[in-house]
file model-v8.tsv (TSV, C-alpha atoms)
chain	number	residue	atom	x	y	z
A	15	MET	CA	-5.19	-25.61	-20.54
A	16	VAL	CA	-8.83	-26.62	-20.20
A	17	TRP	CA	-10.52	-26.70	-23.55
A	18	ARG	CA	-14.23	-26.25	-24.10
A	19	ARG	CA	-15.36	-29.11	-26.33
A	20	LEU	CA	-18.27	-27.93	-28.41
A	21	THR	CA	-21.18	-29.97	-29.65
A	22	SER	CA	-22.41	-27.52	-32.28
A	23	ARG	CA	-19.85	-28.09	-35.04
A	24	GLY	CA	-19.69	-27.87	-38.79
A	25	ASP	CA	-19.44	-30.84	-41.13
A	26	GLY	CA	-15.81	-31.45	-40.17
A	27	ARG	CA	-14.37	-31.19	-43.67
A	28	ASP	CA	-12.39	-27.98	-43.35
A	29	GLY	CA	-13.00	-26.77	-39.83
A	30	ASN	CA	-16.47	-25.25	-40.31
A	31	GLY	CA	-19.82	-25.96	-41.85
A	32	ASP	CA	-19.42	-24.10	-45.13
A	33	GLY	CA	-16.28	-25.94	-46.14
A	34	MET	CA	-14.00	-22.99	-45.40
A	35	ALA	CA	-11.10	-23.26	-42.99
A	36	LEU	CA	-11.32	-21.25	-39.78
A	37	SER	CA	-9.47	-17.95	-39.95
A	38	ASP	CA	-8.79	-15.08	-37.63
A	39	GLU	CA	-11.17	-12.98	-39.71
A	40	ALA	CA	-13.92	-15.58	-39.32
A	41	VAL	CA	-13.34	-15.56	-35.57
A	42	ARG	CA	-13.42	-11.75	-35.54
A	43	ASP	CA	-16.68	-11.67	-37.51
A	44	ALA	CA	-18.22	-14.18	-35.10
A	45	LEU	CA	-17.22	-12.06	-32.11
A	46	ARG	CA	-18.91	-9.03	-33.64
A	47	THR	CA	-22.14	-10.82	-32.69
A	48	VAL	CA	-21.09	-11.36	-29.06
A	49	ARG	CA	-22.15	-8.69	-26.58
A	50	ASP	CA	-20.39	-8.23	-23.29
A	51	PRO	CA	-22.86	-9.07	-20.47
A	52	GLN	CA	-21.85	-6.04	-18.42
A	53	LEU	CA	-21.16	-3.38	-21.04
A	54	GLY	CA	-23.78	-4.31	-23.62
A	55	ARG	CA	-21.58	-3.80	-26.68
A	56	ASP	CA	-19.86	-6.26	-28.99
A	57	LEU	CA	-16.32	-7.38	-28.19
A	58	ILE	CA	-14.79	-5.85	-31.30
A	59	SER	CA	-16.05	-2.31	-30.69
A	60	LEU	CA	-15.03	-2.64	-27.03
A	61	ARG	CA	-11.51	-3.64	-28.13
A	62	MET	CA	-11.64	-6.73	-25.92
A	63	PHE	CA	-10.60	-9.17	-28.69
A	64	GLY	CA	-6.84	-9.41	-29.10
A	65	GLY	CA	-6.60	-11.97	-31.88
A	66	SER	CA	-6.76	-15.75	-32.04
A	67	VAL	CA	-4.57	-18.80	-32.56
A	68	ILE	CA	-6.17	-21.46	-34.74
A	69	ASP	CA	-5.09	-25.08	-34.92
A	70	GLY	CA	-7.47	-27.01	-37.15
A	71	GLY	CA	-10.84	-26.69	-35.45
A	72	SER	CA	-9.39	-25.54	-32.13
A	73	VAL	CA	-9.27	-21.83	-31.34
A	74	THR	CA	-7.46	-19.93	-28.60
A	75	VAL	CA	-9.05	-16.52	-28.12
A	76	HIS	CA	-6.92	-13.71	-26.72
A	77	LEU	CA	-9.36	-11.80	-24.54
A	78	THR	CA	-8.79	-8.56	-22.64
A	79	LEU	CA	-11.05	-7.94	-19.65
A	80	PRO	CA	-11.50	-4.29	-18.54
A	81	MET	CA	-11.40	-4.91	-14.79
A	82	HIS	CA	-10.15	-7.24	-12.09
A	83	GLY	CA	-12.71	-9.62	-10.65
A	84	TYR	CA	-14.89	-9.35	-13.75
A	85	PRO	CA	-18.27	-10.68	-12.57
A	86	SER	CA	-19.47	-12.19	-15.88
A	87	GLU	CA	-16.32	-13.92	-17.09
A	88	GLU	CA	-17.86	-17.39	-17.37
A	89	GLU	CA	-20.97	-16.09	-19.09
A	90	LEU	CA	-18.81	-14.20	-21.57
A	91	LYS	CA	-16.75	-17.32	-22.29
A	92	ASP	CA	-19.94	-19.27	-22.94
A	93	ARG	CA	-21.18	-16.64	-25.38
A	94	ILE	CA	-17.88	-16.67	-27.24
A	95	SER	CA	-17.76	-20.46	-27.36
A	96	ASN	CA	-21.30	-20.67	-28.72
A	97	ALA	CA	-20.59	-18.04	-31.39
A	98	LEU	CA	-17.44	-19.83	-32.53
A	99	ALA	CA	-19.20	-23.20	-32.62
A	100	LYS	CA	-21.51	-21.75	-35.25
A	101	VAL	CA	-18.54	-21.08	-37.55
A	102	GLY	CA	-17.07	-24.55	-37.05
A	103	ALA	CA	-14.83	-24.42	-33.96
A	104	ASP	CA	-14.48	-27.81	-32.29
A	105	ALA	CA	-12.92	-26.45	-29.08
A	106	VAL	CA	-12.22	-23.02	-27.63
A	107	ASP	CA	-9.61	-21.96	-25.10
A	108	PHE	CA	-8.94	-18.51	-23.67
A	109	ASP	CA	-5.81	-16.49	-23.04
A	110	ILE	CA	-7.03	-13.76	-20.70
A	111	ARG	CA	-5.32	-10.57	-19.62
A	112	ILE	CA	-6.57	-7.64	-17.56
A	113	ASP	CA	-6.20	-4.09	-18.83
A	114	VAL	CA	-8.19	-1.44	-16.97
A	115	PRO	CA	-9.02	1.29	-19.54
A	116	SER	CA	-8.31	4.96	-18.84
A	117	TRP	CA	-10.87	7.73	-18.65
A	118	GLN	CA	-9.73	10.59	-20.88
A	119	GLY	CA	-12.30	13.23	-19.97
A	120	ASN	CA	-13.08	16.18	-22.20
A	121	GLY	CA	-9.47	17.27	-22.64
A	122	GLN	CA	-9.91	20.36	-20.47
A	123	GLN	CA	-8.19	19.04	-17.33
A	124	ALA	CA	-4.62	17.88	-16.86
A	125	ALA	CA	-4.30	14.13	-16.48
A	126	ILE	CA	-2.43	12.69	-13.49
A	127	GLY	CA	0.55	10.66	-14.67
A	128	GLY	CA	0.03	6.93	-14.23
A	129	VAL	CA	-3.57	7.27	-12.97
A	130	LYS	CA	-6.21	5.66	-15.18
A	131	ASN	CA	-9.48	6.51	-13.43
A	132	ILE	CA	-10.31	9.11	-10.80
A	133	ILE	CA	-13.47	8.43	-8.81
A	134	ALA	CA	-14.99	10.91	-6.37
A	135	VAL	CA	-16.83	9.75	-3.26
A	136	ALA	CA	-19.10	12.54	-2.09
A	137	SER	CA	-22.12	13.68	-0.16
A	138	ASN	CA	-23.55	17.09	0.46
A	139	LYS	CA	-24.22	16.12	4.08
A	140	GLY	CA	-21.74	15.20	6.79
A	141	GLY	CA	-22.12	12.18	9.01
A	142	VAL	CA	-23.39	9.75	6.38
A	143	GLY	CA	-20.27	7.55	6.49
A	144	LYS	CA	-18.66	8.81	3.32
A	145	SER	CA	-15.09	8.18	4.50
A	146	THR	CA	-16.09	4.70	5.66
A	147	ILE	CA	-17.52	3.98	2.21
A	148	ALA	CA	-14.43	5.40	0.45
A	149	THR	CA	-12.07	3.38	2.65
A	150	ASN	CA	-13.80	0.05	2.20
A	151	LEU	CA	-14.42	0.54	-1.52
A	152	ALA	CA	-10.72	1.25	-2.00
A	153	VAL	CA	-9.70	-1.84	-0.04
A	154	ALA	CA	-12.25	-3.99	-1.90
A	155	LEU	CA	-10.93	-2.82	-5.28
A	156	ALA	CA	-7.37	-3.52	-4.16
A	157	HIS	CA	-8.33	-7.02	-3.00
A	158	SER	CA	-9.79	-7.72	-6.44
A	159	GLY	CA	-6.30	-7.23	-7.88
A	160	ALA	CA	-6.45	-3.58	-8.95
A	161	SER	CA	-3.88	-0.94	-8.07
A	162	VAL	CA	-5.68	1.65	-5.97
A	163	GLY	CA	-4.97	5.06	-4.46
A	164	LEU	CA	-7.07	7.06	-2.01
A	165	VAL	CA	-6.93	10.82	-1.42
A	166	ASP	CA	-8.29	12.42	1.73
A	167	ALA	CA	-9.47	15.73	0.29
A	168	ASP	CA	-11.09	16.95	3.50
A	169	ALA	CA	-8.46	19.50	4.47
A	170	THR	CA	-10.25	20.72	7.58
A	171	GLY	CA	-11.33	17.32	8.93
A	172	PRO	CA	-9.15	14.49	7.60
A	173	ASN	CA	-10.33	11.10	8.85
A	174	LEU	CA	-8.47	8.60	6.69
A	175	PRO	CA	-5.35	8.40	8.90
A	176	THR	CA	-7.52	7.02	11.70
A	177	MET	CA	-9.40	4.65	9.41
A	178	PHE	CA	-6.14	3.17	8.14
A	179	GLY	CA	-4.46	3.04	11.54
A	180	LEU	CA	-1.93	5.77	10.74
A	181	PRO	CA	-0.97	8.47	13.28
A	182	SER	CA	-1.81	12.09	12.53
A	183	GLY	CA	1.14	14.30	11.70
A	184	TYR	CA	3.65	11.48	11.34
A	185	GLN	CA	4.99	12.81	8.00
A	186	ALA	CA	5.37	16.37	9.27
A	187	GLU	CA	9.14	15.95	9.70
A	188	SER	CA	9.67	13.64	6.73
A	189	ASP	CA	12.38	14.59	4.22
A	190	ARG	CA	10.09	13.30	1.46
A	191	GLY	CA	7.23	15.57	2.42
A	192	LEU	CA	3.71	14.31	1.86
A	193	HIS	CA	3.76	10.93	0.13
A	194	PRO	CA	1.52	7.86	-0.27
A	195	VAL	CA	1.55	5.17	2.39
A	196	GLU	CA	0.39	1.69	1.40
A	197	ARG	CA	-2.05	-0.01	3.77
A	198	TYR	CA	-4.19	-3.04	2.92
A	199	GLY	CA	-3.10	-2.70	-0.71
A	200	VAL	CA	-4.19	0.94	-0.98
A	201	ARG	CA	-1.86	3.92	-1.43
A	202	VAL	CA	-3.24	6.55	0.93
A	203	VAL	CA	-2.49	10.28	1.06
A	204	SER	CA	-4.02	12.68	3.57
A	205	LEU	CA	-3.23	16.17	4.77
A	206	GLY	CA	-3.74	14.60	8.17
A	207	PHE	CA	-0.28	13.07	7.72
A	208	LEU	CA	1.10	16.60	8.12
A	209	ILE	CA	-1.23	17.96	10.80
A	210	PRO	CA	-0.50	17.21	14.48
A	211	PRO	CA	-3.34	15.61	16.49
A	212	GLY	CA	-5.89	18.15	17.66
A	213	ALA	CA	-4.62	20.95	15.44
A	214	ALA	CA	-7.25	22.93	13.55
A	215	VAL	CA	-6.92	23.87	9.91
A	216	VAL	CA	-8.57	27.22	9.21
A	217	TRP	CA	-8.40	27.81	5.47
A	218	ARG	CA	-10.30	29.92	2.99
A	219	GLY	CA	-11.42	28.66	-0.42
A	220	PRO	CA	-8.30	29.46	-2.46
A	221	MET	CA	-6.11	27.57	0.03
A	222	ILE	CA	-8.37	24.53	-0.19
A	223	GLY	CA	-8.19	24.66	-3.99
A	224	SER	CA	-4.42	24.84	-3.86
A	225	ALA	CA	-4.30	21.87	-1.48
A	226	ILE	CA	-6.49	19.78	-3.80
A	227	ARG	CA	-4.23	20.62	-6.73
A	228	GLN	CA	-1.14	19.52	-4.84
A	229	LEU	CA	-2.74	16.31	-3.57
A	230	LEU	CA	-3.60	15.32	-7.13
A	231	HIS	CA	-0.62	16.53	-9.15
A	232	ASP	CA	2.33	16.85	-6.78
A	233	VAL	CA	2.15	13.37	-5.27
A	234	GLU	CA	4.06	10.47	-6.86
A	235	TRP	CA	1.24	7.97	-7.34
A	236	GLY	CA	2.92	5.50	-9.66
A	237	GLU	CA	0.68	3.28	-11.79
A	238	ILE	CA	-2.89	3.41	-10.48
A	239	ASP	CA	-6.05	1.81	-11.89
A	240	TYR	CA	-8.41	3.72	-9.60
A	241	LEU	CA	-7.71	6.85	-7.58
A	242	LEU	CA	-10.58	7.47	-5.15
A	243	ILE	CA	-11.07	10.94	-3.72
A	244	ASP	CA	-12.83	11.25	-0.36
A	245	LEU	CA	-14.39	14.69	-0.67
A	246	PRO	CA	-15.53	16.84	2.25
A	247	PRO	CA	-19.25	17.52	2.68
A	248	GLY	CA	-20.77	20.33	0.68
A	249	THR	CA	-20.90	21.58	-2.87
A	250	SER	CA	-18.27	24.30	-2.92
A	251	ASP	CA	-14.50	24.75	-3.08
A	252	ALA	CA	-13.10	21.22	-2.78
A	253	SER	CA	-15.51	19.66	-5.29
A	254	MET	CA	-15.15	22.51	-7.76
A	255	SER	CA	-11.35	22.44	-7.52
A	256	MET	CA	-11.28	18.68	-8.03
A	257	ALA	CA	-13.43	18.88	-11.17
A	258	GLN	CA	-11.23	21.65	-12.57
A	259	GLU	CA	-7.90	20.02	-11.77
A	260	ALA	CA	-8.26	16.48	-13.13
A	261	PRO	CA	-10.50	14.38	-15.41
A	262	ILE	CA	-12.99	12.68	-13.09
A	263	ALA	CA	-14.33	9.39	-14.44
A	264	GLY	CA	-17.35	9.44	-12.16
A	265	ALA	CA	-18.77	10.13	-8.73
A	266	VAL	CA	-20.26	7.88	-6.07
A	267	VAL	CA	-22.83	9.72	-3.94
A	268	VAL	CA	-23.36	8.46	-0.39
A	269	SER	CA	-26.59	8.87	1.54
A	270	THR	CA	-28.47	7.41	4.48
A	271	PRO	CA	-32.20	6.59	4.30
A	272	GLN	CA	-33.43	9.74	6.10
A	273	GLN	CA	-35.24	12.30	4.00
A	274	VAL	CA	-32.86	15.13	4.90
A	275	ALA	CA	-29.86	13.06	3.79
A	276	LEU	CA	-31.59	12.17	0.54
A	277	GLU	CA	-32.32	15.82	-0.17
A	278	ASP	CA	-28.63	16.61	0.29
A	279	ALA	CA	-27.62	13.65	-1.88
A	280	SER	CA	-29.84	15.03	-4.66
A	281	LYS	CA	-28.01	18.35	-4.37
A	282	ALA	CA	-24.67	16.53	-4.72
A	283	VAL	CA	-25.92	14.84	-7.90
A	284	THR	CA	-26.99	18.22	-9.29
A	285	MET	CA	-23.58	19.67	-8.43
A	286	PHE	CA	-21.75	16.97	-10.36
A	287	GLU	CA	-24.02	17.44	-13.33
A	288	LYS	CA	-23.15	21.14	-13.36
A	289	LEU	CA	-19.46	20.26	-13.10
A	290	ASP	CA	-19.84	17.85	-16.05
A	291	VAL	CA	-18.81	14.87	-13.90
A	292	PRO	CA	-20.68	11.60	-14.57
A	293	VAL	CA	-22.50	10.18	-11.54
A	294	PHE	CA	-21.99	6.43	-11.20
A	295	GLY	CA	-24.84	6.13	-8.70
A	296	ILE	CA	-25.98	6.34	-5.07
A	297	VAL	CA	-24.99	4.15	-2.12
A	298	GLU	CA	-27.36	3.84	0.85
A	299	ASN	CA	-25.27	3.59	4.01
A	300	MET	CA	-26.67	2.55	7.43
A	301	SER	CA	-29.50	0.97	5.48
A	302	TYR	CA	-30.62	-1.46	8.18
A	303	PHE	CA	-29.45	-3.13	11.39
A	304	ILE	CA	-29.41	-6.84	12.23
A	305	THR	CA	-29.81	-7.48	15.96
A	306	PRO	CA	-27.04	-9.83	17.15
A	307	ASP	CA	-29.27	-11.80	19.53
A	308	THR	CA	-32.36	-12.47	17.40
A	309	GLY	CA	-31.19	-11.69	13.89
A	310	GLN	CA	-34.11	-9.31	13.46
A	311	ARG	CA	-33.74	-6.68	10.78
A	312	LEU	CA	-34.41	-3.16	12.03
A	313	GLU	CA	-34.67	-0.20	9.66
A	314	ILE	CA	-33.61	2.43	12.17
A	315	PHE	CA	-33.33	5.32	9.73
A	316	GLY	CA	-35.96	4.09	7.30
A	317	HIS	CA	-35.07	2.07	4.23
A	318	GLY	CA	-35.09	2.28	0.46
A	319	GLY	CA	-35.02	6.04	0.22
A	320	ALA	CA	-31.74	6.09	-1.71
A	321	ARG	CA	-33.08	3.58	-4.23
A	322	ASP	CA	-36.17	5.73	-4.75
A	323	ALA	CA	-34.01	8.84	-5.07
A	324	ALA	CA	-31.86	7.08	-7.68
A	325	ASP	CA	-34.99	6.26	-9.65
A	326	ASP	CA	-36.22	9.85	-9.43
A	327	LEU	CA	-32.81	11.20	-10.51
A	328	GLU	CA	-32.50	8.54	-13.23
A	329	ILE	CA	-29.15	7.27	-11.99
A	330	ASP	CA	-28.10	3.83	-10.76
A	331	PHE	CA	-28.54	2.51	-7.26
A	332	LEU	CA	-25.18	0.94	-6.40
A	333	GLY	CA	-26.18	-0.92	-3.25
A	334	GLU	CA	-26.94	-0.73	0.45
A	335	VAL	CA	-24.62	-1.17	3.42
A	336	PRO	CA	-26.00	-2.25	6.80
A	337	LEU	CA	-25.41	-0.40	10.04
A	338	ALA	CA	-22.96	-2.66	11.85
A	339	THR	CA	-20.86	-2.23	14.97
A	340	GLU	CA	-18.03	-4.10	13.23
A	341	VAL	CA	-17.84	-1.40	10.55
A	342	ARG	CA	-17.72	1.34	13.17
A	343	ALA	CA	-15.10	-0.50	15.23
A	344	GLY	CA	-13.00	-1.16	12.14
A	345	GLY	CA	-12.99	2.53	11.32
A	346	ASP	CA	-12.00	3.51	14.84
A	347	ASP	CA	-9.27	0.87	15.07
A	348	GLY	CA	-7.82	1.39	11.58
A	349	LYS	CA	-8.97	-2.06	10.45
A	350	PRO	CA	-11.40	-1.82	7.50
A	351	ILE	CA	-13.96	-4.60	7.68
A	352	VAL	CA	-13.30	-5.64	4.07
A	353	ALA	CA	-9.70	-6.48	5.03
A	354	PHE	CA	-10.44	-8.26	8.32
A	355	ASP	CA	-13.87	-9.90	8.00
A	356	ALA	CA	-14.58	-10.48	4.32
A	357	GLU	CA	-17.56	-12.77	5.03
A	358	ASN	CA	-19.37	-10.18	7.12
A	359	PRO	CA	-22.57	-9.00	5.34
A	360	ALA	CA	-21.30	-5.42	5.42
A	361	ALA	CA	-17.97	-6.44	3.84
A	362	GLU	CA	-19.82	-8.41	1.16
A	363	ALA	CA	-21.95	-5.33	0.46
A	364	PHE	CA	-18.83	-3.19	0.05
A	365	ALA	CA	-17.30	-5.75	-2.32
A	366	ALA	CA	-20.45	-5.87	-4.46
A	367	ILE	CA	-20.59	-2.07	-4.67
A	368	ALA	CA	-16.89	-1.94	-5.57
A	369	THR	CA	-17.54	-4.36	-8.45
A	370	ARG	CA	-20.38	-2.18	-9.74
A	371	VAL	CA	-18.17	0.91	-9.52
A	372	ALA	CA	-15.40	-0.84	-11.49
A	373	VAL	CA	-17.93	-1.87	-14.16
A	374	LYS	CA	-19.13	1.73	-14.35
A	375	ALA	CA	-15.56	3.01	-14.72
A	376	ALA	CA	-14.84	0.48	-17.47
A	377	ALA	CA	-18.02	1.42	-19.32
A	378	SER	CA	-17.22	5.13	-19.11
A	379	ALA	CA	-13.68	4.63	-20.38
A	380	LEU	CA	-14.50	2.20	-23.19
A	381	LEU	CA	-17.59	3.98	-24.47
A	382	GLN	CA	-16.38	7.56	-24.17
A	383	ALA	CA	-16.37	9.67	-27.30
A	384	PRO	CA	-12.93	10.58	-28.65
A	385	THR	CA	-11.73	13.99	-27.49
A	386	ILE	CA	-9.16	16.46	-28.77
A	387	PRO	CA	-7.01	17.86	-25.94
A	388	VAL	CA	-6.86	21.61	-25.61
A	389	LEU	CA	-3.27	22.77	-25.99
call {"tool": "encode", "arguments": {"input": "model-v8.tsv", "output": "structure tokens"}}
result
Amino acid sequence: MVWRRLTSRGDGRDGNGDGMALSDEAVRDALRTVRDPQLGRDLISLRMFGGSVIDGGSVTVHLTLPMHGYPSEEELKDRISNALAKVGADAVDFDIRIDVPSWQGNGQQAAIGGVKNIIAVASNKGGVGKSTIATNLAVALAHSGASVGLVDADATGPNLPTMFGLPSGYQAESDRGLHPVERYGVRVVSLGFLIPPGAAVVWRGPMIGSAIRQLLHDVEWGEIDYLLIDLPPGTSDASMSMAQEAPIAGAVVVSTPQQVALEDASKAVTMFEKLDVPVFGIVENMSYFITPDTGQRLEIFGHGGARDAADDLEIDFLGEVPLATEVRAGGDDGKPIVAFDAENPAAEAFAAIATRVAVKAAASALLQAPTIPVL
């Protein structure tokens, strides 16, 4: 173990400055003053402190982080070390575990067994790259160490089989029926697995609602930290069915910089508010283009509109993704850019957005008010 030797100590008589030996209660009281850099609350109320082991003036803190790839781990350790130095700790070590908290919802929807957080990826407008965003966010979360599932909820136009390099209709004759397929660390389910290439699905609203219900509740997901749902465009049947069928931790709204796309994104935010689904924020896709020969940045569709819309709607701006031929090619070839070119600026943008989404999910789950399920 690597211990943090501290310079701010007590008088050395009994382990701290007031002559009292260090105790677990003294450590706990000290950590009540430490706020998590991401969540803004103290470690005790967030249930991140799991006890301590004290040996003289040395303390091992059992710390539970609420997500994989926690972006402020070192800063949090420094805050803890400084707080414990004030009560006489000579050195601090950390025993860290990861436990992604579960979103409970309002108790009105039936939980999905084994699934901790359900996150919708949506837009009121087609063609903004929503499935591309959902695919790469899912892969980025899986690469951070989380267990991730992805549902293709677009019954009439499923695209995820192509984006993951899976043939359409290949589960149509399976004895298991529709079941998750793991690709790039993500468990993927799509109605496209049952539909032959080129076949059209012509369904009315009740059939779409029934399909959503089965995708969520009749599939064996196993243990999942994040289940992402790639919703079809629009604000009708699929989104309403999803909100009624399962507790949704939050929604990620996708837009491009054009004014018409931003207007539709605002409608999607309003829809989720009416459905009582928290909105994690807006992603601006196709935000800019870098020319390969000169490196010049071109804002083909405008730029910054999604950030301004987020400000107007008083929600968070989660990030911007550049327009890149590598992203398009990866989607066509079933090779998500996050999995195959992690140092590409677009892949780095996806990874940063995935981290922000995971922080949002952790905050929602840890800070949610207790609910009483309806029986």
call {"tool": "residues_near_point", "arguments": {"input": "model-v8.tsv", "point": "(-20.4, -1.5, -11.0)", "cutoff": "10 Å", "atoms": "all atoms listed in the file", "output": "list in words"}}
result
Gln52, Tyr84, Pro85, Phe294, Gly295, Asp330, Phe331, Leu332, Gly333, Ala366, Ile367, Ala368, Thr369, Arg370, Val371, Ala372, Val373, Lys374, Ala375, Ala376 and Ala377 of chain A
call {"tool": "residues_around", "arguments": {"input": "model-v8.tsv", "residues": "segment 37-43 of chain A", "least_positions_apart": "6", "cutoff": "12 Å", "atoms": "only C-alpha atoms", "output": "PyMOL selection string"}}
result
chain A and resi 28-30+56-59+61-77+94-103+106
call {"tool": "atom_distance", "arguments": {"input": "model-v8.tsv", "atom1": "atom CA of Arg46 of chain A", "atom2": "atom CA of Ile112 of chain A"}}
result
20.3 Å
call {"tool": "atom_distance", "arguments": {"input": "model-v8.tsv", "atom1": "atom CA of Ala44 of chain A", "atom2": "atom CA of Leu60 of chain A"}}
result
14.4 Å
call {"tool": "atom_distance", "arguments": {"input": "model-v8.tsv", "atom1": "atom CA of Glu259 of chain A", "atom2": "atom CA of Ala186 of chain A"}}
result
25.1 Å
call {"tool": "closest_residue", "arguments": {"input": "model-v8.tsv", "among": "A:Pro271, A:Pro246, A:Pro115, A:Pro292", "to": "Ala136 of chain A", "atoms": "only C-alpha atoms"}}
result
A:Pro246
call {"tool": "residues_around", "arguments": {"input": "model-v8.tsv", "residues": "His157 of chain A", "least_positions_apart": "2", "cutoff": "10 Å", "atoms": "all atoms listed in the file", "output": "count of residues only"}}
result
17
call {"tool": "residues_around", "arguments": {"input": "model-v8.tsv", "residues": "Leu230 of chain A", "least_positions_apart": "4", "cutoff": "10 Å", "atoms": "all atoms listed in the file", "output": "list in words"}}
result
Ala125, Ile126, Gly127, Val129, Ile132, Val165, Ala167, Val203, Ala225, Ile226, Glu234, Trp235, Leu241, Ile243, Met256, Glu259 and Ala260 of chain A
call {"tool": "closest_residue", "arguments": {"input": "model-v8.tsv", "among": "A:Tyr302, A:Phe178, A:Phe364, A:Trp117", "to": "Asp347 of chain A", "atoms": "all atoms listed in the file"}}
result
A:Phe178
call {"tool": "residues_around", "arguments": {"input": "model-v8.tsv", "residues": "Leu245 of chain A", "least_positions_apart": "6", "cutoff": "8 Å", "atoms": "all atoms listed in the file", "output": "short mmCIF file (atom, residue, chain, number, x, y, z; two decimals) with C-alpha atoms, keeping the file's coordinate frame"}}
result
data_model
loop_
_atom_site.label_atom_id
_atom_site.label_comp_id
_atom_site.auth_asym_id
_atom_site.auth_seq_id
_atom_site.Cartn_x
_atom_site.Cartn_y
_atom_site.Cartn_z
CA ALA A 134 -14.99 10.91 -6.37
CA VAL A 135 -16.83 9.75 -3.26
CA ALA A 136 -19.10 12.54 -2.09
CA SER A 137 -22.12 13.68 -0.16
CA ASP A 166 -8.29 12.42 1.73
CA ALA A 167 -9.47 15.73 0.29
CA ASP A 168 -11.09 16.95 3.50
CA ALA A 252 -13.10 21.22 -2.78
CA SER A 253 -15.51 19.66 -5.29
#
call {"tool": "closest_residue", "arguments": {"input": "model-v8.tsv", "among": "A:Ile329, A:Val267, A:Ile262, A:Ile147", "to": "Gly121 of chain A", "atoms": "all atoms listed in the file"}}
result
A:Ile262
call {"tool": "residues_around", "arguments": {"input": "model-v8.tsv", "residues": "Ser280 of chain A", "least_positions_apart": "4", "cutoff": "10 Å", "atoms": "all atoms listed in the file", "output": "list in words"}}
result
Ser137, Asn138, Val267, Ser269, Ala275, Leu276, Thr284, Met285, Ile296, Ala320, Ala323, Ala324, Asp326 and Leu327 of chain A
call {"tool": "closest_residue", "arguments": {"input": "model-v8.tsv", "among": "A:Ile351, A:Leu229, A:Val291, A:Ala279", "to": "Gly264 of chain A", "atoms": "all atoms listed in the file"}}
result
A:Val291
call {"tool": "residues_near_point", "arguments": {"input": "model-v8.tsv", "point": "(-15.9, -11.9, -20.4)", "cutoff": "8 Å", "atoms": "all atoms listed in the file", "output": "ChimeraX atom specification"}}
result
/A:50-51,77,79,84,86-91
call {"tool": "write_last_selection", "arguments": {"input": "model-v8.tsv", "atoms": "C-alpha atoms", "output": "PDB file, in the frame of the given file"}}
result
ATOM      1  CA  ASP A  50     -20.390  -8.230 -23.290  1.00  0.00           C
ATOM      2  CA  PRO A  51     -22.860  -9.070 -20.470  1.00  0.00           C
ATOM      3  CA  LEU A  77      -9.360 -11.800 -24.540  1.00  0.00           C
ATOM      4  CA  LEU A  79     -11.050  -7.940 -19.650  1.00  0.00           C
ATOM      5  CA  TYR A  84     -14.890  -9.350 -13.750  1.00  0.00           C
ATOM      6  CA  SER A  86     -19.470 -12.190 -15.880  1.00  0.00           C
ATOM      7  CA  GLU A  87     -16.320 -13.920 -17.090  1.00  0.00           C
ATOM      8  CA  GLU A  88     -17.860 -17.390 -17.370  1.00  0.00           C
ATOM      9  CA  GLU A  89     -20.970 -16.090 -19.090  1.00  0.00           C
ATOM     10  CA  LEU A  90     -18.810 -14.200 -21.570  1.00  0.00           C
ATOM     11  CA  LYS A  91     -16.750 -17.320 -22.290  1.00  0.00           C
TER      12      LYS A  91
END
call {"tool": "closest_residue", "arguments": {"input": "model-v8.tsv", "among": "A:Leu380, A:Gly345, A:Gly171, A:Asp104", "to": "Ser116 of chain A", "atoms": "all atoms listed in the file"}}
result
A:Leu380
call {"tool": "axis_aligned_box", "arguments": {"input": "model-v8.tsv", "around": "segment 35-39 of chain A", "padding_each_side": "4 Å", "output": "lines of an AutoDock Vina configuration file"}}
result
center_x = -10.1
center_y = -18.1
center_z = -40.3
size_x = 10.5
size_y = 18.3
size_z = 13.4
